[in-house]
Each structure stands twice: as structure tokens, then as C-alpha cells.
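A.B. asks: Just one file: data27.cif, with mmCIF, C-alpha atoms.
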```cif
data_final
#
loop_
_atom_site.group_PDB
_atom_site.id
_atom_site.type_symbol
_atom_site.label_atom_id
_atom_site.label_comp_id
_atom_site.auth_asym_id
_atom_site.auth_seq_id
_atom_site.Cartn_x
_atom_site.Cartn_y
_atom_site.Cartn_z
ATOM 1 C CA MET Z 1 -19.232 -0.738 4.592
ATOM 2 C CA GLY Z 2 -15.478 -0.944 4.319
ATOM 3 C CA ILE Z 3 -12.538 -3.237 3.887
ATOM 4 C CA SER Z 4 -10.689 -5.388 6.410
ATOM 5 C CA GLN Z 5 -7.371 -5.911 4.687
ATOM 6 C CA PHE Z 6 -6.042 -4.408 1.530
ATOM 7 C CA ARG Z 7 -3.153 -4.120 -0.890
ATOM 8 C CA ILE Z 8 -1.790 -1.020 -2.520
ATOM 9 C CA THR Z 9 0.398 -1.570 -5.528
ATOM 10 C CA VAL Z 10 2.728 1.282 -6.483
ATOM 11 C CA ASP Z 11 4.994 1.856 -9.457
ATOM 12 C CA GLU Z 12 8.042 2.769 -7.351
ATOM 13 C CA THR Z 13 10.752 0.789 -5.562
ATOM 14 C CA PRO Z 14 10.041 -0.554 -2.062
ATOM 15 C CA GLU Z 15 12.952 1.454 -0.663
ATOM 16 C CA ASN Z 16 11.572 4.733 -1.996
ATOM 17 C CA ILE Z 17 8.045 3.864 -0.833
ATOM 18 C CA ILE Z 18 9.313 3.259 2.703
ATOM 19 C CA PHE Z 19 11.270 6.514 2.664
ATOM 20 C CA LEU Z 20 8.221 8.460 1.474
ATOM 21 C CA ILE Z 21 5.746 7.005 3.954
ATOM 22 C CA GLU Z 22 8.171 7.387 6.876
ATOM 23 C CA ASN Z 23 7.888 11.123 6.353
ATOM 24 C CA LYS Z 24 4.072 11.061 6.200
ATOM 25 C CA TYR Z 25 2.854 8.349 8.606
ATOM 26 C CA ASP Z 26 3.698 6.980 12.026
ATOM 27 C CA ILE Z 27 5.590 3.891 10.894
ATOM 28 C CA LYS Z 28 7.716 1.462 12.895
ATOM 29 C CA LYS Z 29 9.980 -1.124 11.327
ATOM 30 C CA TYR Z 30 9.565 -4.683 12.605
ATOM 31 C CA SER Z 31 11.762 -6.532 10.101
ATOM 32 C CA GLU Z 32 13.172 -6.077 6.613
ATOM 33 C CA LYS Z 33 9.743 -6.057 4.916
ATOM 34 C CA ILE Z 34 7.320 -5.755 7.847
ATOM 35 C CA TYR Z 35 6.173 -2.445 9.344
ATOM 36 C CA PHE Z 36 3.527 -1.210 11.762
ATOM 37 C CA ILE Z 37 1.426 1.587 10.230
ATOM 38 C CA SER Z 38 -1.762 3.060 11.698
ATOM 39 C CA GLY Z 39 -2.863 -0.069 13.592
ATOM 40 C CA ASN Z 40 -1.836 -2.393 10.769
ATOM 41 C CA VAL Z 41 0.956 -4.766 9.996
ATOM 42 C CA ALA Z 42 2.133 -3.850 6.516
ATOM 43 C CA GLU Z 43 4.358 -5.987 4.339
ATOM 44 C CA ILE Z 44 6.150 -3.875 1.728
ATOM 45 C CA TYR Z 45 7.912 -5.893 -0.950
ATOM 46 C CA SER Z 46 8.927 -6.096 -4.611
ATOM 47 C CA ASN Z 47 6.303 -7.435 -6.993
ATOM 48 C CA GLU Z 48 7.741 -10.561 -8.621
ATOM 49 C CA ASP Z 49 5.657 -9.775 -11.723
ATOM 50 C CA TYR Z 50 7.095 -6.268 -12.090
ATOM 51 C CA ASP Z 51 7.495 -5.328 -15.744
ATOM 52 C CA LYS Z 52 8.154 -1.692 -16.604
ATOM 53 C CA ASN Z 53 6.969 -2.292 -20.173
ATOM 54 C CA LEU Z 54 3.523 -3.465 -19.018
ATOM 55 C CA THR Z 55 2.769 -0.763 -16.418
ATOM 56 C CA GLU Z 56 1.082 1.384 -19.065
ATOM 57 C CA SER Z 57 -1.215 -1.422 -20.224
ATOM 58 C CA LYS Z 58 -4.919 -1.745 -19.353
ATOM 59 C CA ASP Z 59 -4.101 -3.806 -16.248
ATOM 60 C CA GLY Z 60 -0.780 -2.082 -15.653
ATOM 61 C CA TRP Z 61 -1.233 -2.119 -11.866
ATOM 62 C CA LEU Z 62 -0.544 -5.868 -11.951
ATOM 63 C CA TYR Z 63 3.016 -5.048 -13.004
ATOM 64 C CA TYR Z 64 3.829 -2.122 -10.683
ATOM 65 C CA ASN Z 65 7.120 -2.397 -8.811
ATOM 66 C CA THR Z 66 5.900 -2.653 -5.192
ATOM 67 C CA ASN Z 67 3.090 -4.339 -3.270
ATOM 68 C CA MET Z 68 2.004 -3.126 0.165
ATOM 69 C CA ASP Z 69 -0.234 -5.589 2.046
ATOM 70 C CA PHE Z 70 -2.068 -4.205 5.089
ATOM 71 C CA PHE Z 71 -3.553 -6.363 7.855
ATOM 72 C CA PRO Z 72 -5.336 -4.713 10.816
ATOM 73 C CA ILE Z 73 -4.029 -5.751 14.239
ATOM 74 C CA ASN Z 74 -6.034 -3.398 16.426
ATOM 75 C CA ASN Z 75 -9.566 -4.540 17.400
ATOM 76 C CA GLU Z 76 -10.775 -0.946 17.253
ATOM 77 C CA ILE Z 77 -10.023 -0.661 13.530
ATOM 78 C CA THR Z 78 -13.154 -0.757 11.410
ATOM 79 C CA GLY Z 79 -13.664 -1.525 7.746
ATOM 80 C CA THR Z 80 -14.521 2.114 7.244
ATOM 81 C CA SER Z 81 -11.285 3.319 8.844
ATOM 82 C CA GLU Z 82 -9.290 0.844 6.749
ATOM 83 C CA LYS Z 83 -10.949 2.138 3.594
ATOM 84 C CA GLU Z 84 -10.098 5.696 4.629
ATOM 85 C CA LEU Z 85 -6.471 4.711 5.287
ATOM 86 C CA ALA Z 86 -6.186 2.993 1.898
ATOM 87 C CA GLU Z 87 -7.657 6.007 0.112
ATOM 88 C CA ASN Z 88 -5.439 8.388 2.090
ATOM 89 C CA ILE Z 89 -2.267 6.480 1.198
ATOM 90 C CA LYS Z 90 -3.282 6.257 -2.472
ATOM 91 C CA SER Z 91 -4.030 10.005 -2.527
ATOM 92 C CA PHE Z 92 -0.606 10.643 -1.013
ATOM 93 C CA PHE Z 93 1.082 8.636 -3.787
ATOM 94 C CA ASP Z 94 -1.094 10.344 -6.409
ATOM 95 C CA SER Z 95 -0.019 13.756 -5.076
ATOM 96 C CA LEU Z 96 3.592 12.719 -5.678
ATOM 97 C CA GLY Z 97 2.817 11.683 -9.254
ATOM 98 C CA LEU Z 98 3.199 7.967 -8.528
ATOM 99 C CA LYS Z 99 0.917 5.427 -10.144
ATOM 100 C CA SER Z 100 -0.867 3.341 -7.512
ATOM 101 C CA GLU Z 101 -3.936 1.182 -7.137
ATOM 102 C CA ILE Z 102 -5.919 -0.138 -4.156
ATOM 103 C CA ILE Z 103 -6.840 -3.803 -4.335
ATOM 104 C CA SER Z 104 -9.397 -4.979 -1.779
ATOM 105 C CA GLU Z 105 -12.732 -6.604 -1.282
ATOM 106 C CA GLU Z 106 -15.592 -4.554 0.117
ATOM 107 C CA ASP Z 107 -17.367 -5.922 3.195
#
```
What does this structure look like when you write it as C-alpha cells?
C.D. replies:
Amino acid sequence: MGISQFRITVDETPENIIFLIENKYDIKKYSEKIYFISGNVAEIYSNEDYDKNLTESKDGWLYYNTNMDFFPINNEITGTSEKELAENIKSFFDSLGLKSEIISEED
């Protein structure tokens, strides 16, 4: 089983997130907020509910600074490979000491 589309929410600014992932992944900019990453279209944008004071709460991920929404565009991408990508990106952020969370539905 796997996931088909997913969101990663990160407690860091969109600009810094883009800078960090440009150095780790093959990423191509399409427009101000839209990027191509590993067979996905990814929208990277500020969370309108961002609240620094609430990021340490039980559901703090709801208030992290940035949302990254991933949508597969390559027919060869499987739910399993999407799950691996999501976990890989989250592990990358974790290794940098950034708080992040994967939000998705399992197939």
C-alpha cells in the first residue's frame, strides 16, 4: 500500500524550504509556488494558519509555517514510491532539525 498525493507541513519559511530542497533534490521551478520534484507537481506555500505560538501544541503541525502539496504527474509513480518520497523528504527535514509532518491518506 502507499499514498497517491500528500502534504508535508514544515515549520520553516517557504523560501528556506525551497533553498534547502534545491540542494537535495532534482527540482525545477514552474511558477512562483509550483515546482516539479521527482515526478510530482509540488505547490510550496505559506500556511495561512501559521502561528508560532501554537507550533509546540499537541496539533502543532497545523500551525507550521509552510505547506508542501505533492501531486504525482508520472504514470509510473506508485503509491509505494510516493510514500518513500514523503518519508525521505521528512527525514531530510528532521536531519536539519526542522519540525515537519506528513499528511496523507493510505491507499
A.B. asks: Name the residues captured by the PyMOL selection byres ((chain Z and resi 65) around 8) when it is applied to the shown file; answer as a list in words.
C.D. replies: Thr9, Val10, Asp11, Glu12, Thr13, Pro14, Ser46, Asn47, Tyr50, Asp51, Lys52, Tyr63, Tyr64, Thr66 and Asn67 of chain Z
A.B. asks: Output C-alpha atoms for every residue in that selection, as a CSV table (one decimal), keeping the file's coordinate frame.
C.D. replies:
```csv
chain,number,residue,atom,x,y,z
Z,9,THR,CA,0.4,-1.6,-5.5
Z,10,VAL,CA,2.7,1.3,-6.5
Z,11,ASP,CA,5.0,1.9,-9.5
Z,12,GLU,CA,8.0,2.8,-7.4
Z,13,THR,CA,10.8,0.8,-5.6
Z,14,PRO,CA,10.0,-0.6,-2.1
Z,46,SER,CA,8.9,-6.1,-4.6
Z,47,ASN,CA,6.3,-7.4,-7.0
Z,50,TYR,CA,7.1,-6.3,-12.1
Z,51,ASP,CA,7.5,-5.3,-15.7
Z,52,LYS,CA,8.2,-1.7,-16.6
Z,63,TYR,CA,3.0,-5.0,-13.0
Z,64,TYR,CA,3.8,-2.1,-10.7
Z,66,THR,CA,5.9,-2.7,-5.2
Z,67,ASN,CA,3.1,-4.3,-3.3
```
A.B. asks: So, with only C-alpha atoms as the atoms that count, which of Z:Phe19, Z:Phe71, Z:Tyr45, Z:Phe36 lies closest to Gln5 in chain Z?
C.D. replies: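 Closest to Gln5 in chain Z of all the choices is Z:Phe71.
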A.B. asks: Mind pulling up the distance from CA of Val41 in chain Z to CA of Ile73 in chain Z?
C.D. replies: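 Computed distance, CA of Ile73 in chain Z to CA of Val41 in chain Z, equals 6.6 Å.
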A.B. asks: With all atoms listed in the file as the basis for distance, which of Z:Ile17, Z:Ile44, Z:Asn53, Z:Ser38 is at the shortest distance from Glu84 in chain Z?
C.D. replies: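 Of Z:Ile17, Z:Ile44, Z:Asn53, Z:Ser38, the one nearest Glu84 in chain Z is Z:Ser38, counting all atoms listed in the file.
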A.B. asks: Starting from the shown file, work through the PyMOL selection byres ((chain Z and resi 104) around 6) and note down what comes out as a PyMOL selection string.
C.D. replies: chain Z and resi 6+103+105
A.B. asks: Using all atoms listed in the file, which of Z:Glu48, Z:Asn40, Z:Lys99, Z:Tyr30 sits nearest Ser81 in chain Z?
C.D. replies: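 Ranking Z:Glu48, Z:Asn40, Z:Lys99, Z:Tyr30 by distance to Ser81 in chain Z, first place goes to Z:Asn40.
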A.B. asks: Just to confirm, what's the straight-line distance from CA of Gly60 in chain Z to CA of Phe93 in chain Z in Å (one decimal)?
C.D. replies: 16.1 Å
A.B. asks: Looking at Z:Ser95, Z:Ser4, Z:Asn88, Z:Ser100, which one is nearest to Pro72 in chain Z, with distances taken over all atoms listed in the file?
C.D. replies: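 Counting all atoms listed in the file, the residue closest to Pro72 in chain Z is Z:Ser4.
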A.B. asks: By how many Å are CA of Tyr35 in chain Z and CA of Gly97 in chain Z apart?
C.D. replies: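 Atom-to-atom, CA of Tyr35 in chain Z to CA of Gly97 in chain Z, that is 23.6 Å.
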